[in-house]
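Visitor: Please find input_33.txt (compact mmCIF, C-alpha atoms) on the next line:
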```
# COMPACT_ATOMS: atom_id res chain seq x y z
CA MET A 1264 88.05 79.41 -94.32
CA GLY A 1265 88.55 82.25 -91.85
CA ILE A 1266 88.33 82.40 -88.09
CA VAL A 1267 85.02 81.29 -86.58
CA ILE A 1268 84.21 82.06 -82.92
CA GLU A 1269 81.20 80.39 -81.31
CA GLN A 1270 80.18 80.97 -77.69
CA VAL A 1271 80.00 77.75 -75.66
CA GLY A 1272 79.51 78.94 -72.06
CA PRO A 1273 76.66 80.77 -70.33
CA THR A 1274 78.38 84.16 -70.02
CA LEU A 1275 81.97 83.40 -71.08
CA ALA A 1276 84.01 80.96 -73.20
CA ALA A 1277 84.00 80.46 -76.96
CA ARG A 1278 85.35 77.87 -79.38
CA LEU A 1279 87.72 79.33 -81.98
CA THR A 1280 88.35 77.44 -85.22
CA GLY A 1281 90.07 78.37 -88.47
CA LEU A 1282 93.59 78.80 -87.10
CA ASP A 1283 96.50 76.36 -87.21
CA LEU A 1284 98.61 77.32 -84.21
CA THR A 1285 101.53 75.17 -85.39
CA LYS A 1286 102.12 77.76 -88.12
CA THR A 1287 103.24 81.39 -87.98
CA LEU A 1288 100.26 83.66 -87.34
CA ALA A 1289 99.53 86.90 -89.14
CA SER A 1290 99.10 90.06 -87.09
CA HIS A 1291 95.37 90.16 -87.83
CA ASP A 1292 95.00 86.60 -86.49
CA ILE A 1293 96.75 87.57 -83.25
CA ALA A 1294 94.51 90.62 -82.97
CA ALA A 1295 91.44 88.42 -83.46
CA VAL A 1296 92.52 86.14 -80.62
CA ASP A 1297 93.15 89.14 -78.35
CA SER A 1298 89.73 90.56 -79.22
CA GLY A 1299 88.11 87.20 -78.53
CA MET A 1300 89.79 87.07 -75.14
CA ASP A 1301 88.54 90.55 -74.26
CA ARG A 1302 84.98 89.48 -75.06
CA TYR A 1303 84.82 85.84 -73.92
CA ALA A 1304 87.71 85.56 -71.38
CA VAL A 1305 88.15 81.86 -72.32
CA LEU A 1306 88.93 80.52 -75.81
CA VAL A 1307 89.00 76.85 -76.81
CA PHE A 1308 91.15 75.85 -79.80
CA PRO A 1309 90.32 72.21 -80.72
CA ALA A 1310 92.80 69.79 -82.29
CA GLN A 1311 96.04 71.74 -81.85
CA ALA A 1312 98.84 69.17 -81.63
CA LEU A 1313 101.58 71.59 -80.58
CA THR A 1314 105.14 70.98 -79.53
CA ASP A 1315 106.39 72.79 -76.43
CA GLU A 1316 108.30 75.20 -78.66
CA GLN A 1317 105.20 75.97 -80.76
CA GLN A 1318 103.10 76.53 -77.65
CA MET A 1319 105.65 78.95 -76.20
CA ALA A 1320 105.87 80.77 -79.53
CA PHE A 1321 102.08 81.18 -79.63
CA ALA A 1322 101.97 82.44 -76.04
CA SER A 1323 104.76 84.93 -76.73
CA HIS A 1324 102.50 86.85 -79.13
CA PHE A 1325 100.58 88.14 -76.10
CA GLY A 1326 103.38 89.23 -73.78
CA GLN A 1327 106.38 88.04 -71.81
CA LEU A 1328 106.29 84.46 -70.58
CA GLU A 1329 106.23 84.01 -66.83
CA GLY A 1330 108.98 81.94 -65.23
CA ASN A 1331 108.43 78.83 -63.09
CA ALA A 1332 110.33 80.00 -60.01
CA GLY A 1333 108.31 80.65 -56.88
CA GLY A 1334 105.20 78.80 -57.99
CA ASN A 1335 105.87 75.20 -57.01
CA ILE A 1336 107.94 72.97 -54.76
CA THR A 1337 109.68 71.04 -57.54
CA LYS A 1338 113.39 70.96 -56.82
CA PRO A 1339 116.13 71.84 -59.34
CA GLY A 1340 116.80 68.78 -61.46
CA GLU A 1341 113.27 67.40 -61.01
CA HIS A 1342 111.64 69.40 -63.81
CA ARG A 1343 110.13 67.35 -66.63
CA LEU A 1344 109.56 70.21 -69.07
CA PRO A 1345 111.83 72.93 -70.49
CA PRO A 1346 111.97 76.46 -69.03
CA GLY A 1347 108.91 78.45 -70.05
CA MET A 1348 106.57 75.46 -69.71
CA ASN A 1349 104.55 74.93 -66.53
CA ASP A 1350 103.98 71.26 -65.74
CA VAL A 1351 100.44 70.77 -64.41
CA SER A 1352 100.40 67.05 -65.09
CA ASN A 1353 100.50 64.28 -62.49
CA LEU A 1354 103.80 62.93 -63.84
CA GLY A 1355 107.37 62.60 -62.70
CA GLN A 1356 110.47 62.76 -64.90
CA ASP A 1357 109.98 59.10 -65.79
CA GLY A 1358 106.60 59.88 -67.37
CA LYS A 1359 104.74 57.87 -64.74
CA PRO A 1360 102.10 59.16 -62.29
CA LEU A 1361 103.54 60.49 -59.05
CA ALA A 1362 103.05 58.40 -55.92
CA ARG A 1363 100.04 59.28 -53.82
CA ASP A 1364 102.21 60.62 -50.99
CA ASP A 1365 104.66 62.52 -53.22
CA ARG A 1366 104.98 66.12 -51.96
CA ARG A 1367 104.64 67.46 -55.50
CA ARG A 1368 101.38 65.58 -56.05
CA MET A 1369 99.92 66.72 -52.74
CA PHE A 1370 100.96 70.32 -53.43
CA ASN A 1371 99.40 70.20 -56.91
CA LEU A 1372 96.05 69.10 -55.46
CA GLY A 1373 95.63 72.81 -54.81
CA ASN A 1374 94.72 73.10 -58.49
CA GLN A 1375 91.36 71.55 -57.55
CA LEU A 1376 90.54 74.73 -55.60
CA TRP A 1377 89.09 77.79 -57.33
CA HIS A 1378 91.98 80.09 -58.16
CA SER A 1379 93.51 82.61 -60.53
CA ASP A 1380 96.96 81.67 -61.81
CA SER A 1381 99.83 83.48 -60.14
CA SER A 1382 97.69 85.74 -57.98
CA PHE A 1383 100.34 84.81 -55.38
CA ARG A 1384 102.89 86.86 -57.39
CA SER A 1385 103.12 90.63 -56.99
CA THR A 1386 102.51 90.85 -60.74
CA PRO A 1387 99.83 88.23 -61.41
CA ALA A 1388 99.33 86.41 -64.69
CA LYS A 1389 97.52 87.83 -67.70
CA TYR A 1390 96.78 84.79 -69.89
CA SER A 1391 97.21 81.06 -69.26
CA ILE A 1392 97.38 78.64 -72.20
CA LEU A 1393 96.89 74.95 -71.39
CA SER A 1394 97.53 72.09 -73.80
CA GLY A 1395 95.94 68.67 -73.23
CA ARG A 1396 98.63 66.30 -74.52
CA ILE A 1397 97.17 63.24 -72.77
CA VAL A 1398 93.80 63.81 -71.12
CA SER A 1399 91.84 61.86 -68.53
CA GLU A 1400 89.25 59.38 -69.77
CA THR A 1401 87.06 60.18 -66.77
CA GLY A 1402 87.09 63.33 -64.65
CA GLY A 1403 89.70 66.03 -65.03
CA ASN A 1404 87.31 68.64 -66.43
CA THR A 1405 88.36 72.26 -65.99
CA GLU A 1406 85.74 74.73 -64.78
CA PHE A 1407 85.90 78.47 -65.42
CA ALA A 1408 83.98 81.11 -63.47
CA ASP A 1409 83.15 84.49 -65.01
CA MET A 1410 84.28 87.07 -62.47
CA ARG A 1411 82.81 89.92 -64.55
CA ALA A 1412 79.33 88.49 -64.44
CA ALA A 1413 79.80 87.69 -60.75
CA TYR A 1414 80.70 91.32 -60.04
CA ASP A 1415 77.74 92.59 -62.08
CA ALA A 1416 75.37 90.39 -60.05
CA LEU A 1417 76.46 91.80 -56.67
CA ASP A 1418 74.01 94.10 -54.92
CA GLU A 1419 75.00 97.76 -54.82
CA ARG A 1420 75.87 97.68 -51.11
CA THR A 1421 78.37 94.86 -51.62
CA LYS A 1422 79.86 96.58 -54.68
CA LEU A 1423 80.60 99.61 -52.53
CA GLU A 1424 82.04 97.40 -49.78
CA VAL A 1425 84.48 95.56 -52.05
CA GLU A 1426 85.53 98.48 -54.25
CA ASP A 1427 88.69 99.50 -52.39
CA LEU A 1428 89.55 96.29 -50.55
CA VAL A 1429 93.03 94.79 -50.85
CA CYS A 1430 93.75 91.12 -50.11
CA ASP A 1431 96.85 89.13 -49.22
CA HIS A 1432 97.49 86.19 -51.58
CA SER A 1433 99.86 83.30 -50.94
CA LEU A 1434 100.33 79.64 -51.84
CA ILE A 1435 100.62 79.11 -48.09
CA TYR A 1436 96.91 79.98 -47.74
CA SER A 1437 95.64 77.79 -50.58
CA ARG A 1438 97.70 74.74 -49.65
CA GLY A 1439 96.86 75.24 -45.98
CA THR A 1440 93.19 74.91 -46.88
CA LEU A 1441 93.96 71.30 -47.85
CA GLY A 1442 96.02 70.68 -44.72
CA PHE A 1443 99.32 70.81 -46.63
CA ASP A 1444 101.73 72.78 -44.47
CA ASP A 1445 104.87 70.69 -44.97
CA LEU A 1446 106.90 73.61 -46.30
CA THR A 1447 110.57 74.36 -45.80
CA GLU A 1448 111.70 77.77 -44.55
CA GLU A 1449 112.98 78.51 -48.06
CA GLU A 1450 109.56 77.67 -49.53
CA ARG A 1451 107.76 79.81 -46.95
CA ALA A 1452 110.01 82.73 -47.84
CA ALA A 1453 109.28 82.22 -51.54
CA PHE A 1454 105.53 82.07 -50.85
CA ARG A 1455 105.32 85.15 -48.63
CA PRO A 1456 101.98 86.96 -49.14
CA VAL A 1457 101.54 89.67 -51.74
CA LYS A 1458 98.80 92.30 -51.97
CA GLN A 1459 96.14 92.24 -54.69
CA ARG A 1460 93.17 94.41 -55.37
CA LEU A 1461 89.79 92.68 -54.88
CA VAL A 1462 88.11 94.59 -57.73
CA ARG A 1463 89.87 95.01 -61.07
CA THR A 1464 88.95 96.97 -64.19
CA HIS A 1465 89.77 95.48 -67.59
CA PRO A 1466 92.12 97.83 -69.49
CA VAL A 1467 90.30 97.40 -72.83
CA THR A 1468 86.62 96.79 -72.07
CA GLY A 1469 86.42 98.79 -68.83
CA ARG A 1470 84.41 96.00 -67.19
CA LYS A 1471 84.92 95.41 -63.50
CA SER A 1472 85.52 91.95 -62.08
CA LEU A 1473 86.19 90.28 -58.74
CA PHE A 1474 89.79 89.15 -58.30
CA LEU A 1475 89.30 86.10 -56.10
CA SER A 1476 91.38 82.99 -55.54
CA SER A 1477 92.00 80.24 -53.00
CA HIS A 1478 95.35 82.00 -52.57
CA ALA A 1479 93.55 84.93 -50.89
CA GLY A 1480 93.68 84.51 -47.11
CA ALA A 1481 93.39 88.00 -45.63
CA ILE A 1482 91.89 91.43 -46.28
CA GLU A 1483 93.91 94.50 -45.35
CA GLY A 1484 92.53 96.03 -42.14
CA TRP A 1485 90.09 93.17 -41.38
CA PRO A 1486 90.27 90.48 -38.69
CA VAL A 1487 91.37 87.26 -40.42
CA PRO A 1488 88.29 85.14 -39.50
CA GLU A 1489 85.93 87.84 -40.81
CA ALA A 1490 87.98 88.26 -43.98
CA ARG A 1491 88.03 84.55 -44.76
CA ALA A 1492 84.32 84.17 -44.12
CA PHE A 1493 83.61 87.11 -46.45
CA LEU A 1494 85.95 85.79 -49.16
CA ARG A 1495 84.28 82.39 -48.92
CA ASP A 1496 80.89 84.00 -49.44
CA LEU A 1497 82.18 85.85 -52.50
CA VAL A 1498 83.64 82.65 -54.00
CA GLU A 1499 80.35 80.82 -53.44
CA HIS A 1500 78.54 83.67 -55.18
CA ALA A 1501 81.00 83.80 -58.10
CA THR A 1502 80.92 80.05 -58.80
CA GLN A 1503 77.19 79.59 -59.17
CA PRO A 1504 76.30 77.49 -62.26
CA GLN A 1505 75.05 80.49 -64.24
CA PHE A 1506 78.58 81.94 -64.18
CA VAL A 1507 80.53 78.72 -64.93
CA TYR A 1508 81.71 77.03 -68.13
CA VAL A 1509 82.80 73.38 -67.83
CA HIS A 1510 85.45 72.25 -70.31
CA ARG A 1511 85.51 68.52 -71.04
CA TRP A 1512 88.93 67.84 -72.47
CA ARG A 1513 89.73 66.11 -75.73
CA GLN A 1514 93.30 65.30 -76.69
CA TYR A 1515 95.16 68.29 -78.15
CA ASP A 1516 92.60 70.83 -77.02
CA LEU A 1517 94.32 74.13 -76.28
CA VAL A 1518 92.45 76.36 -73.83
CA MET A 1519 93.41 79.97 -73.21
CA TRP A 1520 91.97 82.09 -70.42
CA ASP A 1521 92.28 85.56 -68.94
CA ASN A 1522 93.24 85.38 -65.27
CA ARG A 1523 92.15 88.98 -64.79
CA GLN A 1524 88.54 88.05 -65.56
CA THR A 1525 88.16 84.42 -64.46
CA MET A 1526 88.79 81.81 -61.80
CA HIS A 1527 89.22 78.14 -62.63
CA ARG A 1528 89.75 74.73 -61.08
CA VAL A 1529 90.40 71.18 -62.26
CA ARG A 1530 88.06 68.41 -61.14
CA ARG A 1531 89.21 65.15 -59.59
CA PHE A 1532 90.51 62.41 -61.89
CA ASP A 1533 92.10 58.95 -61.59
CA ALA A 1534 95.55 59.73 -60.25
CA ASP A 1535 96.88 56.33 -61.35
CA THR A 1536 96.42 57.21 -65.04
CA VAL A 1537 98.60 59.53 -67.09
CA ARG A 1538 97.33 63.12 -67.42
CA ASP A 1539 99.84 65.23 -69.34
CA MET A 1540 98.81 68.91 -69.25
CA ARG A 1541 101.29 71.65 -70.20
CA ARG A 1542 100.74 75.35 -69.53
CA THR A 1543 102.38 78.50 -70.76
CA THR A 1544 101.66 81.65 -68.77
CA VAL A 1545 101.78 85.25 -69.98
CA ALA A 1546 102.82 87.69 -67.27
CA GLY A 1547 100.65 90.65 -66.36
CA ASP A 1548 101.55 94.31 -66.76
CA GLY A 1549 102.14 95.16 -63.10
CA PRO A 1550 100.96 94.85 -59.50
CA THR A 1551 97.23 95.27 -58.92
CA TYR A 1552 97.98 96.97 -55.60
CA GLN A 1553 99.23 99.99 -57.53
CA GLU A 1554 95.92 100.00 -59.41
CA ALA A 1555 94.14 100.04 -56.05
CA ASN A 1556 96.13 103.01 -54.84
CA ALA A 1557 95.57 104.88 -58.08
CA ALA A 1558 91.82 104.19 -58.27
```
Written as structure tokens, how would this file's structure read?
Guide:
Amino acid sequence: MGIVIEQVGPTLAARLTGLDLTKTLASHDIAAVDSGMDRYAVLVFPAQALTDEQQMAFASHFGQLEGNAGGNITKPGEHRLPPGMNDVSNLGQDGKPLARDDRRRMFNLGNQLWHSDSSFRSTPAKYSILSGRIVSETGGNTEFADMRAAYDALDERTKLEVEDLVCDHSLIYSRGTLGFDDLTEEERAAFRPVKQRLVRTHPVTGRKSLFLSSHAGAIEGWPVPEARAFLRDLVEHATQPQFVYVHRWRQYDLVMWDNRQTMHRVRRFDADTVRDMRRTTVAGDGPTYQEANAA
């Protein structure tokens, strides 16, 4: 049986079956996944019981893996997973849920905001690949918004307005939205804002999309209150139900998404139960600000 791809979302997201990701993939299989990502932006691979090493090997087919540094407040020696794996669970090193007032837990609540992974880095992420090792019995769905369809649905006046805008992105902005500002000077330096283009063009399909995120807190040349109000309007537009796929996790689902074409967020779940979610992240090709200047 070969690869079967079936669309599951309104404008994005497809379920891909017929591949065993625990095994070495042929070049044509890798090409099929890449092609599916270009078309659907989100791919769901059911029943993939991967080890960390197998997940990293799969992710490496699509580019260089992004490091963990600069994207969290976990201190050296507190990491639960090996280098190359991003821990987006609610667990400490002992495998138990973090306390309600643990800084790491409060910081990670930012994942419940609409965002694009690593837009706070000068070179933002290309693909994210998330494995549900232990999933929530209730809640904990992940929602994905199609930023291509959201761009297409803008009126022509707004398309012209956003075309050349550049935004500042930082974890300081997204966590500040939740009232979390308990950051050390070292953390603030690590999270200093970076510039990202608001409109991106996909290098293969040529489709334009909005590059939005809760990490975006300013627009170059705009007063901050006006910029944030405008960005909020754009996020509300982009996350209307007709643009959103809701993934309801089953154990060992592997979900892969294109951060250049989507936003996502996790929904609330019982923080007293174990939710073990492990992400590998493929780095992008370069800063979007350079794209803006070259456009």
Visitor: Which residue is closest to A:Tyr1515? Choose from A:Val1545, A:Val1498, A:Leu1372, A:Val1307 and count all atoms listed in the file.
Guide: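 Of A:Val1545, A:Val1498, A:Leu1372, A:Val1307, the one nearest A:Tyr1515, counting all atoms listed in the file, is A:Val1307.
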Visitor: Tell me, in Å to one decimal, how far atom CA of A:Arg1542 is from atom CA of A:Ala1289.
Guide: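 Here the two named atoms are 22.8 Å from each other.
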Visitor: Quick one: everything within 6 Å of A:Met1519, counting all atoms listed in the file, minus sequence neighbours fewer than 3 positions away in the same chain. Send it as a list in words.
Guide: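 Near neighbours after the sequence-gap exclusion: Val1305, Leu1306, Ser1391 and Ile1392 of chain A.
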Visitor: For a test of reading the model, state the distance in Å between atom CA of A:Leu1376 and atom CA of A:Arg1530, rounded to one decimal.
Guide: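 Interatomic distance, atom CA of A:Leu1376 to atom CA of A:Arg1530: 8.8 Å.
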Visitor: How many Å lie between atom CA of A:Pro1387 and atom CA of A:Ser1433, rounded to one decimal?
Guide: 11.6 Å
Visitor: What are the closest atom pairs, with distances in Å to one decimal, for each residue of stretch 1478-1504 of chain A lying within 12 Å of stretch 1508-1514 of chain A, using all atoms listed in the file, rows by chain and rising residue number, as JSON lines?
Guide:
```
{"residue": "A:Thr1502", "atom": "CA", "partner": "A:Tyr1508", "partner_atom": "CA", "distance": 9.8}
{"residue": "A:Gln1503", "atom": "CA", "partner": "A:Tyr1508", "partner_atom": "CA", "distance": 10.4}
{"residue": "A:Pro1504", "atom": "CA", "partner": "A:Tyr1508", "partner_atom": "CA", "distance": 8.0}
```
Visitor: Filtering to C-alpha atoms, could you give me those residues as an mmCIF file, keeping the file's coordinate frame?
Guide:
```cif
data_model
loop_
_atom_site.group_PDB
_atom_site.id
_atom_site.type_symbol
_atom_site.label_atom_id
_atom_site.label_comp_id
_atom_site.auth_asym_id
_atom_site.auth_seq_id
_atom_site.Cartn_x
_atom_site.Cartn_y
_atom_site.Cartn_z
ATOM 1 C CA THR A 1502 80.920 80.050 -58.800
ATOM 2 C CA GLN A 1503 77.190 79.590 -59.170
ATOM 3 C CA PRO A 1504 76.300 77.490 -62.260
#
```
Visitor: Need to verify the contact set: stretch 1405-1416 of chain A, 6 Å, all atoms listed in the file, exclusion of same-chain residues closer than 3 positions in sequence. Can you return it as a PyMOL selection string?
Guide: chain A and resi 1471-1473+1501-1502+1506-1510+1524-1529
Visitor: Just want the 10 Å neighbourhood of A:Val1398, counted on only C-alpha atoms, with same-chain residues fewer than 3 positions away dropped. Output as a list of chain:residue names.
Guide: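 That gives A:Ser1352, A:Ser1394, A:Gly1395, A:Thr1401, A:Gly1402, A:Gly1403, A:Asn1404, A:Arg1511, A:Trp1512, A:Arg1513, A:Gln1514, A:Tyr1515, A:Asp1516, A:Phe1532, A:Thr1536, A:Val1537, A:Arg1538, A:Asp1539, A:Met1540.
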Visitor: In terms of the shortest atom-to-atom distance over all atoms listed in the file, which of A:Ile1268, A:Ala1304, A:Leu1354, A:Ala1452 is closest to A:Gly1334?
Guide: A:Ala1452
Visitor: Output, as lines of an AutoDock Vina configuration file, the centre and edge lengths in Å (one decimal) of the axis-aligned box that contains all listed atoms of stretch 1297-1310 of chain A with 4 Å of margin on each side.
Guide:
```
center_x = 89.0
center_y = 80.2
center_z = -76.8
size_x = 16.3
size_y = 28.8
size_z = 18.9
```
